[in-house]
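Shown next, in C-alpha cells, is the structure this report addresses.
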Amino acid sequence: MHVSVSAAGEPRVSSRTTMTTRTSAELLELASKRLYPNYKPAAMMLARGRGAELFDVEGRRWLDLMAGVAVCSVGHAHPKLAAAIGEQAARLMHVSNYFYNEENVLLADELCRLSGLSRAFFCNSGAEANEAMFKLARRYFHAKGLPRTRIIAFHNAFHGRTMGALSMTGTPKYREGFGGVEGVTHVAYGDLAAVKAEMKGDVAAVIVEPVQGEGGVLPAPAGFLEGLRAICDEHGALLLVDEVQTGIGRLGRWFGYQASDTRGEVRPDAISLAKGLAGGFPIGAMLTSEELATALPPGTHGSTFGGNPLACCAARTVLRILDEEGIVASVKAKGERLRAMLLEVVRDLPNVCDGERGEGLLRGLLLKQGYVARDILPKLADAGVLLTAAGDRVLRFTPPLVVTESELAEGVAAVRKVLAGLPPV
Ligand SMILES: *Cc1c(COP(=O)(O)O)cnc(C)c1O
C-alpha cells in the first residue's frame, strides 16, 4: 500500500497507489474490446478504496453508498480483513471437500449459533446458495417418497442468475429467452391468500426475501412472513428465506427473519447467505434445520471451491469485526438517520420523489412515475456518489455497514442536488 495519511486524516495519494501504469482512458478502451459486454459498467476505472470511499486510477474520489451491491459490509480495505486474508492465503487457501479444515468448521459453528439453525453448506455466491435450497427442498420430499416438487416464489423476487435460481426469480425480463426449471409458481409478494390458493399437495417450499432488494427495496408487509410460516406448517411445506442481501447485519439484526420492532422471529427451514458474508471475498452459504440434514446425502450436491479455508477465514473475520466493533447494533440508528435524511429530500422535492422505504441500511428513495432510476446513476456518479437502482424507479442505498453519519449526509446532499436539477417529467 502506498497511501499515507496527512495530519488532517486525509489520504495522500501518491502516483504509486495502484499496480497499473495505464491511464483510466487506456484501460477503458481495452475493456470495450475485451470484456464480454453483458454488463454496462460506468466509465470509471476503480483502483482502491478505504472505508466508504473509492478512488480511480488517477486518484479521483467517490463516496460509495452501494458497497458492491450490499457486499462490502466492513468497508473497503478494512485492515483486519486484509491482514486475515493475507495471513490465511500464506497458510492454506484450498484443500477441497475431501478434507475438513478448521476455518470451515468454525465458520459453520458461528453461523449456526447466530442463526439458530443447525447445519451449514458452503458455496461461492448467492445464486449457488439458492440453487442449493431449491435442490434441498426437492430432495427432502423425494427421499420421503413424496411427489412434492413445486416451489412458490414471488413476483419481483430476485434469487440469482443460474437456471434454478433464475426460475425462482420473479422478473420475467431476466428469464426471457432462457426457458427454465419446471415447477415454479410466482404470486404477488405480500399476498397470503394467493399463496394459500397455490398451496396444493405438490408444493415443496416457499422461497421469500424478508425485504425484496433488487425488486425495489420492498419490506415484507406486516404479518407476511408469519403468515407464510403458518401456511407452510399447515401444509408441511418448507419455508426458505433468501437472506443473500438482507443477512449479516444489513437490516440492523443478523438476519431478516429475526425479530424486529414490528414482529417476532419467524423460524425458517433453511436460509441462503452470500453478499455481505465475507465483506467482498466470494462466498455463499445455505444454513438448514437439523430436520433437513439428511436431505442432501454425500454425492447429491457439492462445490469444488465451497467452504475453502480462505473464504471461510474472510467470513469469520467479517463476523468478528461486526461483533467486536458493535456494527450490527449501530445499523438501526444509522438506518433511521438515513431514513430521516431521505424523508427531507422527499418533502423538499415532491415533484421528483414519491417516498422512502426499507429497513436498516437497505433503503430506497422512490422516484415519481416517469423517472428511471438507472438513468440517474451516471449523474450521481458525476456528483461523486455511487448508488444502484432497484426496480424501475428506486434509488437504492446499501452503504458499507461501517459508513459514518457524515458520509450519509454528504451522499444524501449530493443526491438531493442531482434530483433538484432533473428536468420535470
Ligand atoms: C444478489 C442476490 C442474489 C444473487 O447473488 P449472486 O451472488 O449474484 O449469485 C440472490 N438473492 C438475492 C436476494 C440477492 O440480492
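Ordering of the C-alpha cells sets the chain letters (A, B, ...); residue numbers start at 1 within each chain; ligands are numbered from 1 in the order shown.
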
Chain A near ligand 1 within 7 Å: what's each residue's closest atom pair and its distance in Å to one decimal, counting only C-alpha atoms and all ligand atoms, ordered by chain then ascending residue number, as a Markdown table?
| residue | atom | partner | partner_atom_place_in_ligand_line | distance |
| --- | --- | --- | --- | --- |
| A:Ser125 | CA | ligand 1 | 7 (O) | 3.8 |
| A:Gly126 | CA | ligand 1 | 5 (O) | 3.3 |
| A:Ala127 | CA | ligand 1 | 9 (O) | 3.5 |
| A:Glu128 | CA | ligand 1 | 9 (O) | 6.3 |
| A:Asn130 | CA | ligand 1 | 10 (C) | 6.9 |
| A:Phe158 | CA | ligand 1 | 11 (N) | 5.2 |
| A:His159 | CA | ligand 1 | 11 (N) | 3.7 |
| A:Gly160 | CA | ligand 1 | 4 (C) | 3.8 |
| A:Arg161 | CA | ligand 1 | 9 (O) | 6.3 |
| A:Glu209 | CA | ligand 1 | 13 (C) | 6.0 |
| A:Gln212 | CA | ligand 1 | 13 (C) | 6.8 |
| A:Gly213 | CA | ligand 1 | 15 (O) | 5.7 |
| A:Glu214 | CA | ligand 1 | 15 (O) | 6.0 |
| A:Asp242 | CA | ligand 1 | 13 (C) | 5.5 |
| A:Glu243 | CA | ligand 1 | 13 (C) | 6.1 |
| A:Val244 | CA | ligand 1 | 12 (C) | 4.7 |
| A:Gln245 | CA | ligand 1 | 15 (O) | 4.3 |
| A:Ala274 | CA | ligand 1 | 7 (O) | 6.0 |
| A:Lys275 | CA | ligand 1 | 7 (O) | 6.1 |

Convert the current residue selection to file output with N, CA, C and O atoms, as a PDB file, in the first residue's frame.
ATOM      1  N   SER A 125     -21.561 -18.132  -4.038  1.00  0.00           N
ATOM      2  CA  SER A 125     -22.367 -16.974  -4.444  1.00  0.00           C
ATOM      3  C   SER A 125     -23.799 -17.145  -3.958  1.00  0.00           C
ATOM      4  O   SER A 125     -24.181 -18.232  -3.489  1.00  0.00           O
ATOM      5  N   GLY A 126     -24.568 -16.087  -4.137  1.00  0.00           N
ATOM      6  CA  GLY A 126     -25.961 -16.129  -3.733  1.00  0.00           C
ATOM      7  C   GLY A 126     -26.786 -17.073  -4.585  1.00  0.00           C
ATOM      8  O   GLY A 126     -27.622 -17.822  -4.080  1.00  0.00           O
ATOM      9  N   ALA A 127     -26.567 -17.033  -5.891  1.00  0.00           N
ATOM     10  CA  ALA A 127     -27.319 -17.916  -6.783  1.00  0.00           C
ATOM     11  C   ALA A 127     -27.064 -19.376  -6.403  1.00  0.00           C
ATOM     12  O   ALA A 127     -27.993 -20.185  -6.346  1.00  0.00           O
ATOM     13  N   GLU A 128     -25.818 -19.693  -6.120  1.00  0.00           N
ATOM     14  CA  GLU A 128     -25.496 -21.077  -5.745  1.00  0.00           C
ATOM     15  C   GLU A 128     -26.155 -21.466  -4.418  1.00  0.00           C
ATOM     16  O   GLU A 128     -26.549 -22.616  -4.238  1.00  0.00           O
ATOM     17  N   ASN A 130     -28.980 -20.323  -3.305  1.00  0.00           N
ATOM     18  CA  ASN A 130     -30.399 -20.546  -3.587  1.00  0.00           C
ATOM     19  C   ASN A 130     -30.622 -21.820  -4.396  1.00  0.00           C
ATOM     20  O   ASN A 130     -31.613 -22.522  -4.215  1.00  0.00           O
ATOM     21  N   PHE A 158     -35.790 -11.605  -6.479  1.00  0.00           N
ATOM     22  CA  PHE A 158     -34.513 -11.865  -7.157  1.00  0.00           C
ATOM     23  C   PHE A 158     -33.771 -12.941  -6.378  1.00  0.00           C
ATOM     24  O   PHE A 158     -33.503 -12.780  -5.192  1.00  0.00           O
ATOM     25  N   HIS A 159     -33.444 -14.039  -7.070  1.00  0.00           N
ATOM     26  CA  HIS A 159     -32.740 -15.132  -6.400  1.00  0.00           C
ATOM     27  C   HIS A 159     -31.453 -15.526  -7.111  1.00  0.00           C
ATOM     28  O   HIS A 159     -30.791 -16.462  -6.687  1.00  0.00           O
ATOM     29  N   GLY A 160     -31.107 -14.844  -8.204  1.00  0.00           N
ATOM     30  CA  GLY A 160     -29.838 -15.135  -8.868  1.00  0.00           C
ATOM     31  C   GLY A 160     -30.035 -15.550 -10.313  1.00  0.00           C
ATOM     32  O   GLY A 160     -31.151 -15.635 -10.808  1.00  0.00           O
ATOM     33  N   ARG A 161     -28.903 -15.836 -10.984  1.00  0.00           N
ATOM     34  CA  ARG A 161     -28.907 -15.974 -12.438  1.00  0.00           C
ATOM     35  C   ARG A 161     -28.669 -17.383 -12.963  1.00  0.00           C
ATOM     36  O   ARG A 161     -28.649 -17.575 -14.176  1.00  0.00           O
ATOM     37  N   GLU A 209     -37.821 -13.351   0.212  1.00  0.00           N
ATOM     38  CA  GLU A 209     -36.850 -12.385   0.744  1.00  0.00           C
ATOM     39  C   GLU A 209     -37.546 -11.564   1.845  1.00  0.00           C
ATOM     40  O   GLU A 209     -38.660 -11.086   1.620  1.00  0.00           O
ATOM     41  N   GLN A 212     -37.601  -7.361  -0.342  1.00  0.00           N
ATOM     42  CA  GLN A 212     -37.203  -7.569  -1.739  1.00  0.00           C
ATOM     43  C   GLN A 212     -36.193  -6.487  -2.103  1.00  0.00           C
ATOM     44  O   GLN A 212     -36.512  -5.304  -2.105  1.00  0.00           O
ATOM     45  N   GLY A 213     -34.955  -6.918  -2.389  1.00  0.00           N
ATOM     46  CA  GLY A 213     -33.886  -5.952  -2.646  1.00  0.00           C
ATOM     47  C   GLY A 213     -33.899  -5.467  -4.079  1.00  0.00           C
ATOM     48  O   GLY A 213     -34.311  -4.335  -4.358  1.00  0.00           O
ATOM     49  N   GLU A 214     -33.465  -6.326  -4.995  1.00  0.00           N
ATOM     50  CA  GLU A 214     -33.399  -5.950  -6.415  1.00  0.00           C
ATOM     51  C   GLU A 214     -34.762  -5.492  -6.929  1.00  0.00           C
ATOM     52  O   GLU A 214     -34.848  -4.630  -7.792  1.00  0.00           O
ATOM     53  N   ASP A 242     -34.445 -16.262   1.571  1.00  0.00           N
ATOM     54  CA  ASP A 242     -33.279 -15.754   0.839  1.00  0.00           C
ATOM     55  C   ASP A 242     -32.747 -14.530   1.581  1.00  0.00           C
ATOM     56  O   ASP A 242     -33.313 -13.442   1.500  1.00  0.00           O
ATOM     57  N   GLU A 243     -31.666 -14.746   2.319  1.00  0.00           N
ATOM     58  CA  GLU A 243     -31.047 -13.676   3.115  1.00  0.00           C
ATOM     59  C   GLU A 243     -29.767 -13.181   2.447  1.00  0.00           C
ATOM     60  O   GLU A 243     -28.898 -12.616   3.119  1.00  0.00           O
ATOM     61  N   VAL A 244     -29.639 -13.406   1.142  1.00  0.00           N
ATOM     62  CA  VAL A 244     -28.398 -13.036   0.447  1.00  0.00           C
ATOM     63  C   VAL A 244     -28.128 -11.539   0.591  1.00  0.00           C
ATOM     64  O   VAL A 244     -26.993 -11.126   0.833  1.00  0.00           O
ATOM     65  N   GLN A 245     -29.165 -10.720   0.471  1.00  0.00           N
ATOM     66  CA  GLN A 245     -28.982  -9.271   0.582  1.00  0.00           C
ATOM     67  C   GLN A 245     -29.279  -8.758   1.993  1.00  0.00           C
ATOM     68  O   GLN A 245     -28.651  -7.817   2.461  1.00  0.00           O
ATOM     69  N   ALA A 274     -24.903 -14.760   1.228  1.00  0.00           N
ATOM     70  CA  ALA A 274     -23.761 -14.535   0.331  1.00  0.00           C
ATOM     71  C   ALA A 274     -23.283 -13.105   0.550  1.00  0.00           C
ATOM     72  O   ALA A 274     -22.628 -12.823   1.550  1.00  0.00           O
ATOM     73  N   LYS A 275     -23.664 -12.215  -0.344  1.00  0.00           N
ATOM     74  CA  LYS A 275     -23.203 -10.822  -0.414  1.00  0.00           C
ATOM     75  C   LYS A 275     -22.300 -10.346   0.730  1.00  0.00           C
ATOM     76  O   LYS A 275     -21.098 -10.338   0.603  1.00  0.00           O
TER      77      LYS A 275
END

* In segment 53-299 of chain A, what's strand (DSSP E) per DSSP? Answer as an MDAnalysis selection string? -> chainID A and resid 53:56 61:64 119:123 150:154 184:187 203:208 211:212 218:219 238:242 270:273 284:288

* Find the residue from A:Glu324, A:Asp64, A:Asp261, A:Glu356 that sits nearest to Leu338 of chain A; use only C-alpha atoms when measuring. =>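 Comparing A:Glu324, A:Asp64, A:Asp261, A:Glu356 against Leu338 of chain A, the winner is A:Glu356.
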
* To do: as an NGL selection string, list the residues of segment 21-125 of chain A assigned to helix (DSSP H, G or I) by DSSP on the backbone atoms of this structure.
  => :A and (24-34 or 67-70 or 79-91 or 102-115)

* Asked: Leu408 of chain A: which residues within 10 Å, counting only C-alpha atoms, same-chain residues fewer than 3 positions away excluded, as a list of chain:residue names?
  ->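 What passes the distance filter is A:Ala52, A:Leu63, A:Asp64, A:Leu65, A:Lys334, A:Gly335, A:Arg337, A:Leu338, A:Met341, A:Phe397, A:Pro399, A:Val403, A:Thr404, A:Glu405, A:Gly411, A:Val412, A:Ala413, A:Ala414.
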
Atoms to include: N, CA and C atoms. Write the selected residues as a PDB file, in the first residue's frame.
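And here's again17.pdb as it stands now:
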ATOM      1  N   ALA A  52     -15.762   3.807   3.174  1.00  0.00           N
ATOM      2  CA  ALA A  52     -16.835   4.049   2.213  1.00  0.00           C
ATOM      3  C   ALA A  52     -16.361   4.900   1.034  1.00  0.00           C
ATOM      4  N   LEU A  63     -17.819   8.628  -3.128  1.00  0.00           N
ATOM      5  CA  LEU A  63     -18.393   8.121  -1.891  1.00  0.00           C
ATOM      6  C   LEU A  63     -19.235   6.904  -2.269  1.00  0.00           C
ATOM      7  N   ASP A  64     -18.916   5.766  -1.689  1.00  0.00           N
ATOM      8  CA  ASP A  64     -19.558   4.518  -2.094  1.00  0.00           C
ATOM      9  C   ASP A  64     -20.712   4.179  -1.153  1.00  0.00           C
ATOM     10  N   LEU A  65     -21.933   4.482  -1.579  1.00  0.00           N
ATOM     11  CA  LEU A  65     -23.107   4.151  -0.764  1.00  0.00           C
ATOM     12  C   LEU A  65     -23.844   2.948  -1.339  1.00  0.00           C
ATOM     13  N   LYS A 334     -28.193   4.185  12.342  1.00  0.00           N
ATOM     14  CA  LYS A 334     -27.734   4.803  11.088  1.00  0.00           C
ATOM     15  C   LYS A 334     -28.830   4.747  10.040  1.00  0.00           C
ATOM     16  N   GLY A 335     -29.530   3.618   9.996  1.00  0.00           N
ATOM     17  CA  GLY A 335     -30.636   3.477   9.048  1.00  0.00           C
ATOM     18  C   GLY A 335     -31.730   4.501   9.314  1.00  0.00           C
ATOM     19  N   ARG A 337     -31.278   7.425  10.703  1.00  0.00           N
ATOM     20  CA  ARG A 337     -30.745   8.728  10.278  1.00  0.00           C
ATOM     21  C   ARG A 337     -30.878   8.878   8.761  1.00  0.00           C
ATOM     22  N   LEU A 338     -30.508   7.815   8.044  1.00  0.00           N
ATOM     23  CA  LEU A 338     -30.610   7.862   6.585  1.00  0.00           C
ATOM     24  C   LEU A 338     -32.068   8.062   6.171  1.00  0.00           C
ATOM     25  N   MET A 341     -33.030  11.642   6.654  1.00  0.00           N
ATOM     26  CA  MET A 341     -32.447  12.498   5.606  1.00  0.00           C
ATOM     27  C   MET A 341     -33.221  12.324   4.293  1.00  0.00           C
ATOM     28  N   PHE A 397     -29.912   2.528  -1.568  1.00  0.00           N
ATOM     29  CA  PHE A 397     -28.756   2.778  -0.701  1.00  0.00           C
ATOM     30  C   PHE A 397     -28.425   1.494   0.044  1.00  0.00           C
ATOM     31  N   PRO A 399     -25.095   1.148   1.792  1.00  0.00           N
ATOM     32  CA  PRO A 399     -23.722   1.568   2.124  1.00  0.00           C
ATOM     33  C   PRO A 399     -23.010   0.501   2.948  1.00  0.00           C
ATOM     34  N   VAL A 403     -20.346   2.774   7.468  1.00  0.00           N
ATOM     35  CA  VAL A 403     -20.495   4.154   6.988  1.00  0.00           C
ATOM     36  C   VAL A 403     -20.736   5.092   8.178  1.00  0.00           C
ATOM     37  N   THR A 404     -20.240   6.324   8.060  1.00  0.00           N
ATOM     38  CA  THR A 404     -20.477   7.282   9.151  1.00  0.00           C
ATOM     39  C   THR A 404     -21.683   8.152   8.809  1.00  0.00           C
ATOM     40  N   GLU A 405     -22.209   8.814   9.852  1.00  0.00           N
ATOM     41  CA  GLU A 405     -23.357   9.678   9.624  1.00  0.00           C
ATOM     42  C   GLU A 405     -22.986  10.835   8.702  1.00  0.00           C
ATOM     43  N   GLY A 411     -23.583  12.094   1.092  1.00  0.00           N
ATOM     44  CA  GLY A 411     -24.194  11.390  -0.034  1.00  0.00           C
ATOM     45  C   GLY A 411     -25.593  11.880  -0.330  1.00  0.00           C
ATOM     46  N   VAL A 412     -26.386  12.037   0.715  1.00  0.00           N
ATOM     47  CA  VAL A 412     -27.773  12.469   0.502  1.00  0.00           C
ATOM     48  C   VAL A 412     -27.797  13.904  -0.042  1.00  0.00           C
ATOM     49  N   ALA A 413     -26.863  14.738   0.412  1.00  0.00           N
ATOM     50  CA  ALA A 413     -26.802  16.119  -0.114  1.00  0.00           C
ATOM     51  C   ALA A 413     -26.515  16.102  -1.614  1.00  0.00           C
ATOM     52  N   ALA A 414     -25.614  15.222  -2.030  1.00  0.00           N
ATOM     53  CA  ALA A 414     -25.291  15.137  -3.462  1.00  0.00           C
ATOM     54  C   ALA A 414     -26.492  14.606  -4.254  1.00  0.00           C
TER      55      ALA A 414
END

Distance table requested - segment 263-290 of chain A against segment 66-72 of chain A, cut-off 12 Å, only C-alpha atoms: one row per qualifying residue with the closest atom pair and its distance in Å to one decimal, ordered by chain and rising residue number, as a Markdown table.
| residue | atom | partner | partner_atom | distance |
| --- | --- | --- | --- | --- |
| A:Leu273 | CA | A:Val71 | CA | 11.0 |
| A:Ala274 | CA | A:Val71 | CA | 8.2 |
| A:Lys275 | CA | A:Val71 | CA | 4.5 |
| A:Gly276 | CA | A:Val71 | CA | 4.1 |
| A:Leu277 | CA | A:Val71 | CA | 7.5 |
| A:Ala278 | CA | A:Val71 | CA | 7.9 |
| A:Gly279 | CA | A:Cys72 | CA | 4.4 |
| A:Gly280 | CA | A:Cys72 | CA | 5.1 |
| A:Phe281 | CA | A:Val71 | CA | 8.7 |
| A:Pro282 | CA | A:Val71 | CA | 9.4 |
| A:Ile283 | CA | A:Val71 | CA | 10.5 |
| A:Gly284 | CA | A:Val71 | CA | 11.6 |

Now that the selection is made, can you save its residues with C-alpha atoms as a tab-separated table (two decimals), in the first residue's frame?
chain	number	residue	atom	x	y	z
A	273	LEU	CA	-26.41	-16.13	2.52
A	274	ALA	CA	-23.76	-14.53	0.33
A	275	LYS	CA	-23.20	-10.82	-0.41
A	276	GLY	CA	-22.08	-9.29	2.90
A	277	LEU	CA	-20.89	-12.52	4.50
A	278	ALA	CA	-17.19	-12.21	3.68
A	279	GLY	CA	-17.07	-8.46	3.03
A	280	GLY	CA	-16.18	-8.80	-0.65
A	281	PHE	CA	-14.49	-12.18	-0.74
A	282	PRO	CA	-16.70	-14.58	-2.76
A	283	ILE	CA	-18.69	-16.96	-0.58
A	284	GLY	CA	-22.21	-18.34	-0.33

* **Atomic distance atom CA of Leu117 of chain A - atom CA of Tyr98 of chain A, expressed in Å with one decimal** => 24.1 Å

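With only C-alpha atoms as the atoms that count, the minimum distance from Phe141 of chain A to the choices A:Met199, A:Met45, A:Leu287, A:Leu238 is reached by A:Leu238.
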